[in-house]
Amino acid sequence: MLRFAAGGLAANKVRSALTMLGVLIGVASVILLLAVGNGSSVAVKESITSLGTNSLTVSAGSAYGGARGAGSAKKLTVADAKALAADTDSTAIRSVAPVVTTSGTALYGDISYSPGSIVGTYPAYFETANQKVAHGEYFTDDDVLGSRKVAVLGATTAKQLFATEDPVGKRIVLGGTPFTVVGVLEAKGGTGFTDPDDVVIAPLPTVQNVFTGFGPVNQILVQANSADTTTAAQAEVTRVLLGTHAITDPTKADFRITNQASLLTARESTTKTFTVLLGAVAAISLLVGGIGITNIMLVTVTERTREIGIRKALGAPRAVILGQFLTESTLLSVLGAGLGVAVGIAGSHFSIVGIKPVVIPESVLGAFGIAVAIGLFFGSYPANRAASLRPIDALRHE
Amino acid sequence: MRHVIDKRVPAAPPPVIQLRRITKAYGHGDAVVHALHGPEDPATGGPLGVSLDIEQGDFVAVMGSSGSGKSTLMNILGCLDVPTAGRYLLDGIDVGHLDEGQLALVRNRKIGFVFQSFNLIPRTTALAQVELPLAYAGVRAAERRRRALAALSLVGLAERAGHRPNQLSGGQQQRVAVARALVTAPAMLLADEPTGNLDSRSTEEVLDLVDALNATGRTVVLITHEDEVARHAKRVLRLVDGRIVDDVRQAPVDGPPPLLRDLGVTA
Ligand SMILES: Nc1ncnc2c1ncn2[C@@H]1O[C@H](COP(=O)(O)OP(=O)(O)O)[C@@H](O)[C@H]1O
Ligand SMILES: [Mg+2]
């Protein structure tokens, strides 16, 4: 039976090939588009988790826009950070790091380079922001207390200033002040517009002294004990800061807390929508491929009506005719789907619109299964029509 | 069981084909055409239908001008078409009561059909063509091949087994069709103008085959409008406008067909 079916398909090579192409495109696009969707969600997830999932970022300003209480808004200060660190009721908070961010030019020898940002903070920052030293050391609490002129460089900055030279122990000049490099951070690699590795991190008082003065800080980075306690930590931060800012109505808070975990879920749900949309487009092309099968099988049945008549005159049972055409259409879809899987997987090795596709194994099985089911389903109508022809009508067919 | 001794020896077997007041009409209302009509009903003037018995082992030629209803009759005999009214008993079984699957079985086991236009399946070798009815009968591949080759050698085409229809002459194609019709050893061979598209030499070859088959006891019904062909038959029917107008016996049922050249063959 398979031999008969293969023969039937071989008799019309171009037509069979085009039909298979329809299924192939459908299956390949399902696999590929879902892989692209999945790839982008993986990328977003990676970039967000690289910030540390149990970190909270407190920044100044109303959560409900600037208009309300803008005049009375208080800035975040080092005192706020100290209050958070000192609060003994806050069991969900592990560490607190106030952060100032500025920019400036770094000099080493005759090389001058402006890093993306210069960050002044406490050592807790490194763990909270998921910044690991690859070479050398972190600066310490002592460095902070002593306002020592030490700095840790991001991978990009280190490369720009030192090229292949070892930066640790070297002196660079930042804002006219010499700093000793104590460590270089691991490269994180970024997917966004800003390069997270293009940074210089130094003790908070040193940066305030050289650049910003001892005014308010830009952010306070809070690390929760674990990813599960971020919500509790957020509540504690709110409570403490409402206290230090003397605000009674929580809706009038003059600070904002962003939670990396919630950011992650939000982004994930957008990429999920994206994936579903891509999948829907791909599914439609799979359906179109299926309709192609119906079309071609209808043509085949019409063309071979006489042959069906002859077979019936020879005593072919209905099931045999049905089986023959179903085998043909299923063979079409299986071959098309098989090639589609090959093309889809091959295609996923290339990056598409800047996204590295990540193939979802279920999508391969699913697309293949659905394509074969479509072959059976869409093939069954023409096959049924062929099988239920009366022999004399089929024989008389011109 | 009744133990009655029948004194009239030998007892004739029941007719293999019994048609009872068969009519076949095409179209509706005023445009209705009775392809099979039979005598007029004296009371109403409507068709009474064709009634006909064909004995086991007979060789019947059906003659008549174009449009007289020959093919219509043949298609009903071959269970390819159903009559508008009347009963058709094949081997004593009322075919009208069979379902689609049983009809397929009847066509496969009891009837071998040969068409004017050969009706071979395109792009299929002679051997595969002849194997086809056996495949539908569920015969195993090796056995199928053996019997198909035997049938092909019977029609003198053993060495053409691997040829496709477009590589065979008309006469050869029709002999493949005959081999295909007889490979399941059906009791009845139906041929609708089997020599209509053949030259005189191929016609003789095919008719010799049909004669030989009838000589071995197969019932043959053959349509033709050539007297040359009809001379091979034991009985000749003539149709006019869906009515049997003439029924002539040329040779006894239990004997060889009249023109059988193969000497020494007896029924
Ligand atoms: N499928 C059909 N539809 C309508 N009329 C038909 C059909 N088949 C046959 N007829 C009519 O029935 C009559 C007998 O046809 P047919 O049996 O083919 O004649 P023959 O084989 O003797 O030439 C003709 O008048 C023909 O026009
Ligand atoms: Mg005819």
# chains A, B, ... in the order shown; residues from 1 in each chain; ligands from 1
>>> residues_near_ligand(ligand="ligand 2", cutoff="9 Å", atoms="only C-alpha atoms and all ligand atoms", output="PyMOL selection string")
chain B and resi 66-72+74+116+192-193+223-224
>>> write_last_selection(atoms="C-alpha atoms", output="PDB file, in the first residue's frame")
ATOM      1  CA  SER B  66     -25.792   1.787 -30.563  1.00  0.00           C
ATOM      2  CA  GLY B  67     -28.032   3.067 -27.783  1.00  0.00           C
ATOM      3  CA  SER B  68     -30.116  -0.099 -27.638  1.00  0.00           C
ATOM      4  CA  GLY B  69     -29.215  -0.701 -23.986  1.00  0.00           C
ATOM      5  CA  LYS B  70     -26.488  -3.348 -24.299  1.00  0.00           C
ATOM      6  CA  SER B  71     -24.013  -1.659 -21.962  1.00  0.00           C
ATOM      7  CA  THR B  72     -26.748  -0.800 -19.509  1.00  0.00           C
ATOM      8  CA  MET B  74     -24.038  -5.518 -18.975  1.00  0.00           C
ATOM      9  CA  GLN B 116     -14.036  -2.059 -24.843  1.00  0.00           C
ATOM     10  CA  ASP B 192     -18.540  -5.189 -23.273  1.00  0.00           C
ATOM     11  CA  GLU B 193     -17.404  -4.960 -26.908  1.00  0.00           C
ATOM     12  CA  ILE B 223     -21.524  -7.570 -26.306  1.00  0.00           C
ATOM     13  CA  THR B 224     -20.760  -7.012 -29.925  1.00  0.00           C
TER      14      THR B 224
END
>>> select_by_dssp(residues="segment 16-126 of chain B", states="strand (DSSP E)", output="VMD selection string")
chain B and resid 17 to 26 33 to 36 50 to 54 59 to 64 85 to 90 93 to 94 111 to 114
>>> interface_residues(of="chain B", to="chain A", cutoff="6 Å", atoms="only C-alpha atoms", output="MDAnalysis selection string")
chainID B and resid 80:81 104:105 107:108 133 136
>>> closest_residue(among="B:Asn214, B:Ser51, B:Thr23, B:Thr125", to="Ala187 of chain B", atoms="only C-alpha atoms")
B:Asn214
>>> closest_residue(among="B:Gly156, B:Gly138, B:Pro13, B:Gly64", to="ligand 1", atoms="only C-alpha atoms and all ligand atoms")
B:Gly64
>>> closest_residue(among="B:Pro122, B:Gly171, B:Gly27, B:Gly57", to="ligand 1", atoms="only C-alpha atoms and all ligand atoms")
B:Gly27
>>> select_by_dssp(residues="segment 179-249 of chain B", states="alpha helix (DSSP H)", output="PyMOL selection string")
chain B and resi 179-182+200-215+227-230
>>> write_last_selection(atoms="C-alpha atoms", output="PDB file, in the first residue's frame")
ATOM      1  CA  ALA B 179      -5.903 -12.241 -17.841  1.00  0.00           C
ATOM      2  CA  ARG B 180      -6.960  -9.829 -15.095  1.00  0.00           C
ATOM      3  CA  ALA B 181     -10.607 -10.877 -15.522  1.00  0.00           C
ATOM      4  CA  LEU B 182      -9.904 -14.584 -15.268  1.00  0.00           C
ATOM      5  CA  SER B 200      -9.026  -8.430 -36.962  1.00  0.00           C
ATOM      6  CA  ARG B 201      -5.899 -10.336 -35.885  1.00  0.00           C
ATOM      7  CA  SER B 202      -6.099  -9.180 -32.278  1.00  0.00           C
ATOM      8  CA  THR B 203      -9.843  -9.812 -32.370  1.00  0.00           C
ATOM      9  CA  GLU B 204      -9.198 -13.458 -33.279  1.00  0.00           C
ATOM     10  CA  GLU B 205      -6.598 -13.816 -30.506  1.00  0.00           C
ATOM     11  CA  VAL B 206      -8.949 -12.449 -27.879  1.00  0.00           C
ATOM     12  CA  LEU B 207     -11.913 -14.477 -29.102  1.00  0.00           C
ATOM     13  CA  ASP B 208      -9.823 -17.671 -29.079  1.00  0.00           C
ATOM     14  CA  LEU B 209      -9.112 -16.960 -25.429  1.00  0.00           C
ATOM     15  CA  VAL B 210     -12.785 -16.402 -24.690  1.00  0.00           C
ATOM     16  CA  ASP B 211     -13.704 -19.617 -26.511  1.00  0.00           C
ATOM     17  CA  ALA B 212     -11.140 -21.550 -24.495  1.00  0.00           C
ATOM     18  CA  LEU B 213     -12.464 -20.106 -21.252  1.00  0.00           C
ATOM     19  CA  ASN B 214     -16.032 -21.033 -22.152  1.00  0.00           C
ATOM     20  CA  ALA B 215     -14.887 -24.510 -23.103  1.00  0.00           C
ATOM     21  CA  ASP B 227     -21.693 -10.845 -36.797  1.00  0.00           C
ATOM     22  CA  GLU B 228     -18.177 -12.308 -37.049  1.00  0.00           C
ATOM     23  CA  VAL B 229     -17.846 -12.092 -33.291  1.00  0.00           C
ATOM     24  CA  ALA B 230     -21.380 -13.284 -32.594  1.00  0.00           C
TER      25      ALA B 230
END
>>> residues_around(residues="segment 165-172 of chain A", least_positions_apart="3", cutoff="6 Å", atoms="only C-alpha atoms", output="VMD selection string")
chain A and resid 107 to 108 162 178 to 183
>>> atom_distance(atom1="atom CA of Leu185 of chain A", atom2="atom CA of Ala124 of chain A")
14.6 Å
>>> residues_around(residues="Ser55 of chain A", least_positions_apart="3", cutoff="10 Å", atoms="only C-alpha atoms", output="number ranges by chain")
A: 49, 51-52, 58, 93-96, 125, 127-130, 221-227, 230, 233-234, 258-261
>>> atom_distance(atom1="atom CA of Ser285 of chain A", atom2="atom CA of Leu298 of chain A")
19.9 Å
>>> atom_distance(atom1="atom 18 (O, counted along the ligand's line) of ligand 1", atom2="atom CA of Ile76 of chain B")
11.6 Å
>>> residues_around(residues="Ala282 of chain A", least_positions_apart="3", cutoff="8 Å", atoms="only C-alpha atoms", output="list of chain:residue names")
A:Gly26, A:Val27, A:Ser29, A:Val30, A:Leu33, A:Leu278, A:Gly279, A:Ser285, A:Leu286
>>> closest_residue(among="A:Ala106, A:Glu236, A:Gly120, A:Ala187", to="Leu174 of chain A", atoms="only C-alpha atoms")
A:Ala106
>>> closest_residue(among="B:Leu120, B:Val106, B:Leu222, B:Val248", to="ligand 1", atoms="only C-alpha atoms and all ligand atoms")
B:Leu222
>>> closest_residue(among="B:Val82, B:Ile93, B:Ala126, B:Val32", to="ligand 1", atoms="only C-alpha atoms and all ligand atoms")
B:Val32
>>> residues_around(residues="Met20 of chain A", least_positions_apart="4", cutoff="12 Å", atoms="only C-alpha atoms", output="PyMOL selection string")
chain A and resi 9+13-16+24-28+286+288-294+296+328-340+371-372+375
>>> write_last_selection(atoms="C-alpha atoms", output="PDB file, in the first residue's frame")
ATOM      1  CA  LEU A   9       3.013  10.732  -5.508  1.00  0.00           C
ATOM      2  CA  LYS A  13       6.503  15.008  -8.718  1.00  0.00           C
ATOM      3  CA  VAL A  14       6.145  18.762  -9.066  1.00  0.00           C
ATOM      4  CA  ARG A  15       2.662  18.811  -7.615  1.00  0.00           C
ATOM      5  CA  SER A  16       3.625  16.563  -4.698  1.00  0.00           C
ATOM      6  CA  LEU A  24       7.197  22.131   5.177  1.00  0.00           C
ATOM      7  CA  ILE A  25       6.822  25.904   5.457  1.00  0.00           C
ATOM      8  CA  GLY A  26       4.032  25.493   7.995  1.00  0.00           C
ATOM      9  CA  VAL A  27       5.972  23.145  10.240  1.00  0.00           C
ATOM     10  CA  ALA A  28       9.270  24.998   9.890  1.00  0.00           C
ATOM     11  CA  LEU A 286       0.285  25.117   8.946  1.00  0.00           C
ATOM     12  CA  VAL A 288      -2.884  26.666   4.882  1.00  0.00           C
ATOM     13  CA  GLY A 289      -0.503  23.794   4.223  1.00  0.00           C
ATOM     14  CA  GLY A 290      -3.281  21.420   5.237  1.00  0.00           C
ATOM     15  CA  ILE A 291      -5.726  23.061   2.866  1.00  0.00           C
ATOM     16  CA  GLY A 292      -3.083  22.607   0.183  1.00  0.00           C
ATOM     17  CA  ILE A 293      -3.208  18.881   0.879  1.00  0.00           C
ATOM     18  CA  THR A 294      -6.999  18.805   0.550  1.00  0.00           C
ATOM     19  CA  ILE A 296      -4.189  18.457  -4.206  1.00  0.00           C
ATOM     20  CA  GLU A 328      -1.008   9.248  -0.057  1.00  0.00           C
ATOM     21  CA  SER A 329      -2.105  12.342   1.807  1.00  0.00           C
ATOM     22  CA  THR A 330      -0.508  11.154   5.037  1.00  0.00           C
ATOM     23  CA  LEU A 331       2.710  10.371   3.217  1.00  0.00           C
ATOM     24  CA  LEU A 332       2.641  13.903   1.778  1.00  0.00           C
ATOM     25  CA  SER A 333       2.201  15.434   5.194  1.00  0.00           C
ATOM     26  CA  VAL A 334       4.706  13.161   6.951  1.00  0.00           C
ATOM     27  CA  LEU A 335       7.398  13.877   4.377  1.00  0.00           C
ATOM     28  CA  GLY A 336       6.564  17.584   4.356  1.00  0.00           C
ATOM     29  CA  ALA A 337       6.532  17.733   8.150  1.00  0.00           C
ATOM     30  CA  GLY A 338       9.780  15.764   8.421  1.00  0.00           C
ATOM     31  CA  LEU A 339      11.529  18.154   6.071  1.00  0.00           C
ATOM     32  CA  GLY A 340       9.911  21.053   7.914  1.00  0.00           C
ATOM     33  CA  ALA A 371       0.928  18.259  10.406  1.00  0.00           C
ATOM     34  CA  VAL A 372       0.384  14.519  10.203  1.00  0.00           C
ATOM     35  CA  GLY A 375      -2.792  15.247   6.470  1.00  0.00           C
TER      36      GLY A 375
END
